[in-house]
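Here is the file query_1.txt (compact mmCIF, C-alpha atoms and all ligand atoms).
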# COMPACT_ATOMS: atom_id res chain seq x y z
CA MET K 1 112.52 29.69 -47.11
CA LYS K 2 114.12 31.74 -49.90
CA MET K 3 113.27 35.40 -50.37
CA THR K 4 112.35 36.52 -53.87
CA VAL K 5 111.16 39.85 -55.21
CA TRP K 6 107.71 38.24 -55.69
CA LYS K 7 107.50 37.48 -51.97
CA PHE K 8 109.17 40.68 -50.81
CA LEU K 9 107.04 43.26 -52.66
CA PRO K 10 103.53 42.05 -51.71
CA GLU K 11 104.77 41.65 -48.12
CA GLN K 12 105.82 45.31 -48.07
CA TYR K 13 102.28 46.40 -48.90
CA ARG K 14 100.42 44.11 -46.51
CA THR K 15 98.07 45.68 -44.01
CA LEU K 16 99.28 44.82 -40.54
CA PRO K 17 97.00 44.64 -37.49
CA LYS K 18 96.99 47.83 -35.45
CA PRO K 19 98.12 47.20 -31.87
CA GLU K 20 94.98 48.82 -30.45
CA THR K 21 92.93 45.95 -31.94
CA TYR K 22 94.51 43.37 -29.62
CA ALA K 23 96.63 45.31 -27.10
CA PRO K 24 96.39 44.19 -23.49
CA SER K 25 96.82 46.57 -20.59
CA LEU K 26 100.44 46.71 -19.45
CA ALA K 27 99.44 47.98 -15.99
CA GLY K 28 101.99 46.78 -13.44
CA LYS K 29 104.49 45.81 -16.15
CA VAL K 30 108.05 46.97 -16.66
CA VAL K 31 109.16 47.47 -20.24
CA ILE K 32 112.58 48.35 -21.65
CA ILE K 33 113.15 49.25 -25.29
CA THR K 34 116.59 50.04 -26.68
CA GLY K 35 117.24 52.63 -29.39
CA ALA K 36 113.82 54.16 -28.80
CA ASN K 37 114.70 57.78 -29.56
CA VAL K 38 113.96 57.50 -33.28
CA GLY K 39 112.65 55.21 -36.02
CA LEU K 40 111.08 51.85 -35.26
CA GLY K 41 111.96 51.99 -31.57
CA LEU K 42 110.24 55.35 -31.09
CA GLU K 43 107.08 54.20 -32.88
CA ALA K 44 107.00 50.96 -30.88
CA ALA K 45 107.45 52.98 -27.67
CA LYS K 46 104.48 55.18 -28.61
CA HIS K 47 102.27 52.12 -29.05
CA LEU K 48 103.49 50.59 -25.78
CA ALA K 49 102.94 53.84 -23.88
CA THR K 50 99.25 53.79 -24.79
CA MET K 51 98.99 50.43 -22.96
CA ASN K 52 99.94 52.14 -19.67
CA PRO K 53 102.96 50.17 -18.46
CA GLU K 54 104.03 50.82 -14.88
CA ARG K 55 107.49 51.73 -16.20
CA LEU K 56 108.56 52.34 -19.78
CA ILE K 57 112.32 52.74 -19.98
CA LEU K 58 113.81 54.14 -23.18
CA ALA K 59 117.41 52.90 -23.29
CA CYS K 60 119.25 55.30 -25.58
CA ARG K 61 122.84 56.32 -26.12
CA ASP K 62 122.19 60.07 -26.30
CA PRO K 63 120.26 61.47 -23.28
CA LYS K 64 119.22 64.64 -25.17
CA LYS K 65 117.72 62.67 -28.06
CA ALA K 66 116.04 60.37 -25.52
CA GLN K 67 114.47 63.35 -23.77
CA ARG K 68 113.14 64.65 -27.08
CA ALA K 69 111.58 61.22 -27.68
CA VAL K 70 109.87 61.35 -24.27
CA SER K 71 108.33 64.73 -25.11
CA ASP K 72 107.24 63.35 -28.46
CA ILE K 73 105.62 60.27 -26.88
CA GLN K 74 103.96 62.33 -24.16
CA LYS K 75 102.55 64.72 -26.74
CA VAL K 76 100.89 61.82 -28.59
CA THR K 77 99.86 59.65 -25.65
CA GLY K 78 99.77 61.90 -22.59
CA VAL K 79 101.56 59.13 -20.64
CA LYS K 80 103.88 60.40 -17.88
CA SER K 81 105.62 57.22 -16.62
CA ILE K 82 108.41 57.22 -19.21
CA GLU K 83 112.04 57.12 -18.15
CA THR K 84 115.23 57.52 -20.13
CA TRP K 85 118.33 55.56 -19.25
CA GLN K 86 121.68 55.94 -20.94
CA LEU K 87 122.88 52.86 -22.85
CA ASP K 88 125.53 52.52 -25.51
CA ILE K 89 125.13 48.96 -26.61
CA SER K 90 128.46 49.01 -28.46
CA SER K 91 130.29 49.31 -25.13
CA ASN K 92 130.63 46.44 -22.66
CA ALA K 93 131.10 48.96 -19.85
CA SER K 94 127.84 50.73 -20.73
CA VAL K 95 125.86 47.48 -20.92
CA LYS K 96 127.27 46.42 -17.54
CA ALA K 97 126.49 49.85 -16.01
CA PHE K 98 122.93 49.70 -17.35
CA ALA K 99 122.28 46.23 -15.93
CA ASP K 100 123.94 47.11 -12.61
CA LYS K 101 121.77 50.20 -12.32
CA PHE K 102 118.62 48.14 -12.92
CA ALA K 103 119.71 45.67 -10.23
CA LYS K 104 120.69 48.40 -7.75
CA GLU K 105 117.54 50.44 -8.22
CA GLY K 106 115.37 47.63 -7.01
CA GLY K 107 115.91 45.18 -9.88
CA GLY K 108 113.05 42.82 -9.61
CA LYS K 109 111.07 41.65 -12.57
CA LEU K 110 111.34 42.84 -16.12
CA ASP K 111 108.28 41.93 -18.20
CA ILE K 112 109.34 42.99 -21.68
CA LEU K 113 112.76 43.67 -23.18
CA ILE K 114 112.81 44.87 -26.78
CA GLU K 115 116.30 44.84 -28.27
CA ASN K 116 115.77 47.25 -31.12
CA ALA K 117 119.00 49.31 -31.18
CA GLY K 118 121.00 48.52 -34.27
CA VAL K 119 123.29 49.91 -36.94
CA ASN K 120 123.93 49.36 -40.63
CA VAL K 121 127.49 50.53 -41.18
CA PRO K 122 128.85 50.28 -44.74
CA LYS K 123 132.48 51.14 -43.86
CA LEU K 124 134.81 49.32 -41.52
CA GLU K 125 134.34 51.01 -38.15
CA ARG K 126 134.97 49.63 -34.69
CA THR K 127 133.20 49.79 -31.34
CA PRO K 128 135.08 51.14 -28.28
CA ASP K 129 135.85 47.49 -27.46
CA GLY K 130 137.41 46.87 -30.87
CA TRP K 131 134.64 44.94 -32.64
CA GLU K 132 133.54 45.64 -36.18
CA LYS K 133 130.41 47.74 -35.59
CA ASN K 134 127.68 45.72 -37.33
CA ILE K 135 128.70 42.61 -35.40
CA GLY K 136 129.67 44.47 -32.22
CA VAL K 137 126.35 46.32 -31.88
CA ASN K 138 123.81 44.08 -33.61
CA HIS K 139 125.04 40.77 -32.22
CA LEU K 140 127.52 41.12 -29.35
CA GLY K 141 125.99 44.14 -27.57
CA THR K 142 122.49 42.76 -28.07
CA SER K 143 123.46 39.35 -26.67
CA HIS K 144 125.33 40.94 -23.77
CA LEU K 145 122.30 42.98 -22.70
CA ALA K 146 119.98 39.99 -23.05
CA PHE K 147 122.21 37.86 -20.80
CA ARG K 148 122.48 40.59 -18.18
CA MET K 149 118.72 41.24 -18.08
CA LEU K 150 117.79 37.53 -18.12
CA PRO K 151 117.62 37.13 -14.30
CA HIS K 152 115.06 39.96 -14.23
CA LEU K 153 113.06 38.63 -17.17
CA LEU K 154 112.89 35.23 -15.49
CA GLN K 155 111.18 36.80 -12.46
CA ALA K 156 108.20 38.02 -14.51
CA PRO K 157 105.13 35.79 -14.88
CA GLN K 158 104.97 35.91 -18.71
CA PRO K 159 108.12 37.66 -19.90
CA ARG K 160 108.98 38.49 -23.49
CA LEU K 161 112.33 39.13 -25.15
CA VAL K 162 112.08 40.60 -28.64
CA ILE K 163 115.17 40.92 -30.85
CA LEU K 164 115.14 42.96 -34.05
CA ALA K 165 116.27 40.78 -36.94
CA SER K 166 115.57 41.43 -40.62
CA ASP K 167 114.58 39.75 -43.86
CA VAL K 168 118.05 40.66 -45.17
CA HIS K 169 119.14 37.49 -43.36
CA TYR K 170 117.80 35.61 -46.41
CA PHE K 171 120.55 37.30 -48.48
CA THR K 172 123.61 36.22 -46.50
CA LYS K 173 126.05 34.85 -49.07
CA GLN K 174 127.78 31.53 -48.36
CA PRO K 175 126.09 31.18 -44.97
CA GLU K 176 127.67 27.74 -44.61
CA LEU K 177 130.96 29.58 -43.95
CA MET K 178 129.38 30.82 -40.73
CA ASN K 179 129.63 27.35 -39.29
CA ARG K 180 132.92 27.69 -37.49
CA PRO K 181 133.86 27.96 -33.84
CA ASP K 182 135.75 31.25 -34.24
CA LEU K 183 133.26 33.07 -36.49
CA LEU K 184 133.19 36.32 -34.53
CA GLN K 185 136.97 36.45 -34.16
CA SER K 186 137.60 35.66 -37.82
CA LEU K 187 135.13 38.32 -39.00
CA ASN K 188 136.98 40.82 -36.82
CA LYS K 189 140.45 40.34 -38.29
CA ASP K 190 142.18 43.24 -40.03
CA LYS K 191 143.75 40.73 -42.42
CA PRO K 192 140.93 38.39 -43.41
CA ALA K 193 141.89 34.85 -44.38
CA ASN K 194 139.33 34.62 -47.20
CA LYS K 195 136.68 36.54 -49.17
CA PHE K 196 133.93 35.70 -46.70
CA GLU K 197 135.85 37.33 -43.86
CA ALA K 198 136.80 40.43 -45.89
CA PHE K 199 134.79 43.49 -44.94
CA ASP K 200 131.76 44.06 -47.15
CA GLY K 201 129.33 46.50 -45.48
CA ILE K 202 126.14 45.08 -46.99
CA GLN K 203 127.12 41.50 -46.25
CA ARG K 204 128.31 42.33 -42.75
CA TYR K 205 124.92 43.79 -41.83
CA ASP K 206 123.17 40.76 -43.38
CA ILE K 207 125.43 38.41 -41.40
CA SER K 208 124.75 40.32 -38.19
CA LYS K 209 120.99 39.97 -38.77
CA THR K 210 121.41 36.24 -39.51
CA MET K 211 123.18 36.04 -36.16
CA ASN K 212 120.14 37.69 -34.53
CA VAL K 213 117.86 34.99 -35.94
CA LEU K 214 120.24 32.17 -34.97
CA TRP K 215 120.85 33.62 -31.55
CA GLY K 216 117.13 34.04 -30.76
CA ARG K 217 116.61 30.38 -31.63
CA VAL K 218 119.56 29.07 -29.65
CA LEU K 219 118.77 31.23 -26.61
CA ALA K 220 115.20 29.93 -26.63
CA ARG K 221 116.54 26.36 -26.64
CA HIS K 222 118.74 27.06 -23.61
CA ILE K 223 115.94 28.56 -21.53
CA PRO K 224 114.72 25.86 -19.11
CA PHE K 225 111.53 24.19 -20.32
CA SER K 226 109.69 25.26 -17.17
CA SER K 227 110.32 28.99 -17.83
CA PRO K 228 107.55 31.07 -19.42
CA LEU K 229 110.04 33.37 -21.21
CA THR K 230 109.09 33.84 -24.86
CA VAL K 231 111.98 34.81 -27.14
CA SER K 232 111.10 36.21 -30.57
CA THR K 233 113.08 37.58 -33.48
CA VAL K 234 111.22 39.99 -35.73
CA ASN K 235 111.45 41.41 -39.20
CA PRO K 236 109.77 44.85 -39.31
CA GLY K 237 109.97 44.89 -43.11
CA PHE K 238 111.92 47.37 -45.21
CA CYS K 239 111.19 50.75 -43.58
CA VAL K 240 112.13 54.34 -44.29
CA SER K 241 114.35 55.28 -41.36
CA ALA K 242 117.69 56.81 -40.39
CA LEU K 243 119.20 53.32 -40.61
CA LEU K 244 119.81 53.99 -44.30
CA ARG K 245 121.61 57.29 -43.66
CA ASP K 246 125.02 55.99 -44.86
CA GLN K 247 123.69 53.75 -47.62
CA PRO K 248 123.92 54.43 -51.39
CA ILE K 249 121.38 56.87 -52.81
CA GLY K 250 119.86 54.10 -54.96
CA LEU K 251 118.85 52.14 -51.88
CA ARG K 252 117.35 55.24 -50.28
CA ILE K 253 115.30 55.97 -53.41
CA PHE K 254 114.14 52.33 -53.46
CA ALA K 255 113.13 52.70 -49.79
CA SER K 256 111.11 55.82 -50.57
CA LEU K 257 109.23 53.82 -53.23
CA VAL K 258 108.51 50.57 -51.42
CA GLY K 259 109.45 51.24 -47.79
CA ARG K 260 106.98 50.96 -44.94
CA THR K 261 106.65 53.83 -42.52
CA THR K 262 108.35 53.14 -39.20
CA GLU K 263 104.90 53.16 -37.57
CA VAL K 264 103.78 50.24 -39.75
CA GLY K 265 107.14 48.50 -39.25
CA SER K 266 106.82 48.88 -35.48
CA ARG K 267 103.59 46.87 -35.43
CA THR K 268 105.46 43.56 -35.81
CA ILE K 269 107.69 44.52 -32.87
CA VAL K 270 104.72 45.40 -30.66
CA HIS K 271 102.89 42.27 -31.75
CA ALA K 272 105.82 40.07 -30.64
CA ALA K 273 106.09 42.01 -27.37
CA VAL K 274 102.44 41.95 -26.24
CA ALA K 275 100.05 39.97 -28.48
CA PRO K 276 98.47 37.22 -26.33
CA GLN K 277 98.79 34.60 -29.09
CA VAL K 278 102.61 34.95 -29.14
CA GLN K 279 103.01 33.82 -25.51
CA GLY K 280 104.86 30.49 -25.42
CA LYS K 281 105.83 30.51 -29.12
CA THR K 282 109.47 30.79 -28.24
CA GLY K 283 112.42 30.90 -30.67
CA VAL K 284 110.09 31.95 -33.48
CA TYR K 285 110.86 34.42 -36.28
CA PHE K 286 108.01 36.83 -37.02
CA SER K 287 107.38 38.87 -40.14
CA SER K 288 104.29 41.02 -40.77
CA CYS K 289 102.92 39.97 -37.35
CA GLU K 290 102.97 36.29 -38.35
CA GLU K 291 105.24 33.36 -37.73
CA ALA K 292 107.54 33.01 -40.76
CA GLU K 293 110.09 30.46 -41.86
CA PRO K 294 113.66 31.79 -41.62
CA SER K 295 116.22 31.19 -44.38
CA ASP K 296 116.99 27.68 -45.63
CA PHE K 297 120.39 27.95 -43.98
CA VAL K 298 118.98 28.87 -40.57
CA ILE K 299 116.68 25.84 -40.51
CA SER K 300 119.29 23.46 -42.00
CA LYS K 301 121.47 21.05 -40.01
CA ALA K 302 124.45 23.38 -40.63
CA GLY K 303 122.36 26.29 -39.30
CA GLY K 304 121.62 24.32 -36.12
CA GLU K 305 125.32 23.60 -35.66
CA THR K 306 126.15 27.25 -36.30
CA GLU K 307 123.69 28.35 -33.60
CA GLU K 308 125.50 26.26 -31.01
CA LYS K 309 128.95 27.46 -32.10
CA LEU K 310 127.78 31.08 -32.09
CA TRP K 311 126.34 30.50 -28.62
CA THR K 312 129.59 29.06 -27.26
CA GLU K 313 131.82 31.69 -28.86
CA THR K 314 129.57 34.57 -27.74
CA ILE K 315 129.60 33.38 -24.12
CA ARG K 316 133.38 32.88 -24.28
CA ILE K 317 133.95 36.42 -25.61
CA LEU K 318 131.50 38.13 -23.26
CA GLY K 319 132.75 36.08 -20.31
CA LYS K 320 136.23 37.60 -20.74
CA VAL K 321 134.88 41.13 -20.23
CA ASP K 322 131.96 40.42 -17.92
CA PRO K 323 132.12 37.49 -15.45
CA GLU K 324 128.39 37.93 -14.80
CA VAL K 325 127.66 36.42 -18.23
CA PRO K 326 129.00 32.89 -17.56
CA ARG K 327 127.53 33.06 -14.04
CA ILE K 328 124.08 33.84 -15.45
CA VAL K 329 124.43 31.10 -18.08
CA GLN K 330 125.37 28.57 -15.39
CA THR K 331 122.69 29.66 -12.93
CA TYR K 332 119.69 30.23 -15.18
CA LEU K 333 120.15 28.34 -18.43
CA SER K 334 120.19 24.71 -19.41
CA CYS K 335 123.18 23.20 -21.22
N1 LIG K 401 114.61 50.20 -41.15
C1 LIG K 401 114.54 49.00 -41.70
O1 LIG K 401 114.19 48.84 -42.89
C2 LIG K 401 114.84 47.77 -40.88
C3 LIG K 401 114.57 46.51 -41.43
C4 LIG K 401 114.85 45.37 -40.70
C5 LIG K 401 115.37 45.50 -39.43
N2 LIG K 401 115.63 46.71 -38.90
C6 LIG K 401 116.20 46.79 -37.55
O2 LIG K 401 115.38 47.59 -36.74
C7 LIG K 401 116.15 48.21 -35.70
C8 LIG K 401 115.85 49.68 -35.65
O3 LIG K 401 116.16 50.25 -36.90
P1 LIG K 401 115.59 51.64 -37.42
O4 LIG K 401 115.26 51.44 -38.84
O5 LIG K 401 114.61 52.20 -36.50
O6 LIG K 401 116.95 52.48 -37.39
P2 LIG K 401 117.29 53.94 -36.80
O7 LIG K 401 116.18 54.89 -37.11
O8 LIG K 401 118.65 54.24 -37.29
O9 LIG K 401 117.29 53.68 -35.24
C9 LIG K 401 118.30 52.90 -34.64
C10 LIG K 401 118.27 53.14 -33.16
O10 LIG K 401 119.34 52.38 -32.57
C11 LIG K 401 120.11 53.27 -31.78
N3 LIG K 401 121.50 52.83 -31.67
C12 LIG K 401 122.41 52.68 -32.65
N4 LIG K 401 123.60 52.32 -32.11
C13 LIG K 401 123.41 52.30 -30.78
C14 LIG K 401 124.26 52.02 -29.68
N5 LIG K 401 125.56 51.76 -29.85
N6 LIG K 401 123.75 52.06 -28.44
C15 LIG K 401 122.44 52.36 -28.24
N7 LIG K 401 121.59 52.65 -29.24
C16 LIG K 401 122.09 52.63 -30.49
C17 LIG K 401 120.03 54.61 -32.50
O11 LIG K 401 120.44 55.67 -31.65
P3 LIG K 401 120.98 57.06 -32.27
O12 LIG K 401 119.76 57.82 -32.70
O13 LIG K 401 121.69 57.69 -31.13
O14 LIG K 401 121.86 56.71 -33.41
C18 LIG K 401 118.54 54.62 -32.79
O15 LIG K 401 117.82 54.96 -31.65
C19 LIG K 401 117.61 47.87 -36.03
O16 LIG K 401 118.02 46.79 -35.21
C20 LIG K 401 117.55 47.44 -37.49
O17 LIG K 401 118.58 46.54 -37.82
C21 LIG K 401 115.36 47.86 -39.59
Would it be possible to restate this file's structure as structure tokens?
Amino acid sequence: MKMTVWKFLPEQYRTLPKPETYAPSLAGKVVIITGANVGLGLEAAKHLATMNPERLILACRDPKKAQRAVSDIQKVTGVKSIETWQLDISSNASVKAFADKFAKEGGGKLDILIENAGVNVPKLERTPDGWEKNIGVNHLGTSHLAFRMLPHLLQAPQPRLVILASDVHYFTKQPELMNRPDLLQSLNKDKPANKFEAFDGIQRYDISKTMNVLWGRVLARHIPFSSPLTVSTVNPGFCVSALLRDQPIGLRIFASLVGRTTEVGSRTIVHAAVAPQVQGKTGVYFSSCEEAEPSDFVISKAGGETEEKLWTETIRILGKVDPEVPRIVQTYLSC
């Protein structure tokens, strides 16, 4: 599918189903949501809290901000069983520490993992591990955490993994250039070999969100057929949030005119995480709480080849810093 202004604008104003109209009870379920101290993650956490999960873990990089979010959620919902765990998804060490802590403190099943934490960085900045931030956080950190939590997800009876993508993936320029075995490495070079590799903040975010869509699809394909894990990528729509804090004023004004509130945006996340009709629809991209066709590139033959190359390169890179990743791939996933 191609995105046009005539598709985008009406979509922004659609009325989305409120979670309370279909929400199941989450009694006995363990839920983790990353980047839940603000924005879409916080609103999704509020909805999920009302469904009474056994454990709701807010995985946030700043413990003080996370604690403020807990108070905020408790004020609205009265729910007490909310925990905050420190996680900086841009750091391999932090992702490993988070997963190790989950395993050490009983581990066991994880019913829902929502990978919401993300950045939109217009200038060239790097993660502590040396990756350009949009790619390092939105793709590499997100994939790392998903791999590490997979053994726990696979113990739950009907687990869900939800990854925040975006409709900006429709605007990735020259997506065919993504079809290369060293995509992540070439996008990370200080001296890019061509225009595609050169740092362009808007494009780099769009590419990272295309990676989210591709990665959700390829991960779903590698989950053994017998597993009930449902992997979804979601577009919350264009929302007014702190994500735009470093963006040009024009974009922020546009957001104030047509942007959804983060509460409305969060409904697509919650829908993918708990709506009964989503169970088993794995590898699907959702927009406005409905299955949607991703970009023409994603569904093309070249997109399919890119998925596999991204998969292989991601495992190779993560495997160098975390031997658990290739072990998990070998033990739990199909080739
Ligand atoms: N807003 C939109 O229009 C829109 C549209 C499509 C997709 N999305 C996606 O939706 C997700 C949430 O966006 P949002 O609009 O809610 O943005 P936001 O208000 O800026 O929230 C982003 C969240 O991610 C956290 N985060 C950033 N870097 C992190 C890191 N290294 N480790 C752990 N947490 C980190 C932030 O923590 P801090 O508060 O500590 O920075 C914050 O909690 C993102 O993945 C974004 O790409 C947003």
- Query: Which residues, written as number ranges by chain, have at least one atom at most 12 Å from Gly319 of chain K, with only C-alpha atoms counted and residues fewer than 5 positions away on the same chain left out?
  - Reply: K: 92, 140, 143-144, 147-148, 311-314, 324-330
- Of the listed residues K:Ile269, K:Ile299, K:Ile317, K:Val240, that which approaches Pro17 of chain K most closely, counting all atoms listed in the file: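 Among the listed residues, the smallest separation from Pro17 of chain K belongs to K:Ile269.
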- Task: Could you pull out the residues sitting within 6 Å of ligand LIG 401 (chain K), using all atoms listed in the file, and write them as a VMD selection string?
- Result: chain K and resid 35 to 41 60 to 62 87 to 90 116 to 119 137 164 to 166 235 to 243
- With all atoms listed in the file as the atoms that count, which of K:Cys289, K:Leu257, K:Ala193, K:Val270 lies nearest to Thr50 of chain K?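 Selected residue with least distance to Thr50 of chain K: K:Val270.
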- Task: Quote the spacing between atom CA of Trp85 of chain K and atom CA of Leu244 of chain K in Å to one decimal place.
- Result: 25.1 Å
- Nearest to Pro228 of chain K by atom-to-atom distance, counting only C-alpha atoms, from K:Lys2, K:Lys281, K:Lys104, K:His47: K:Lys281
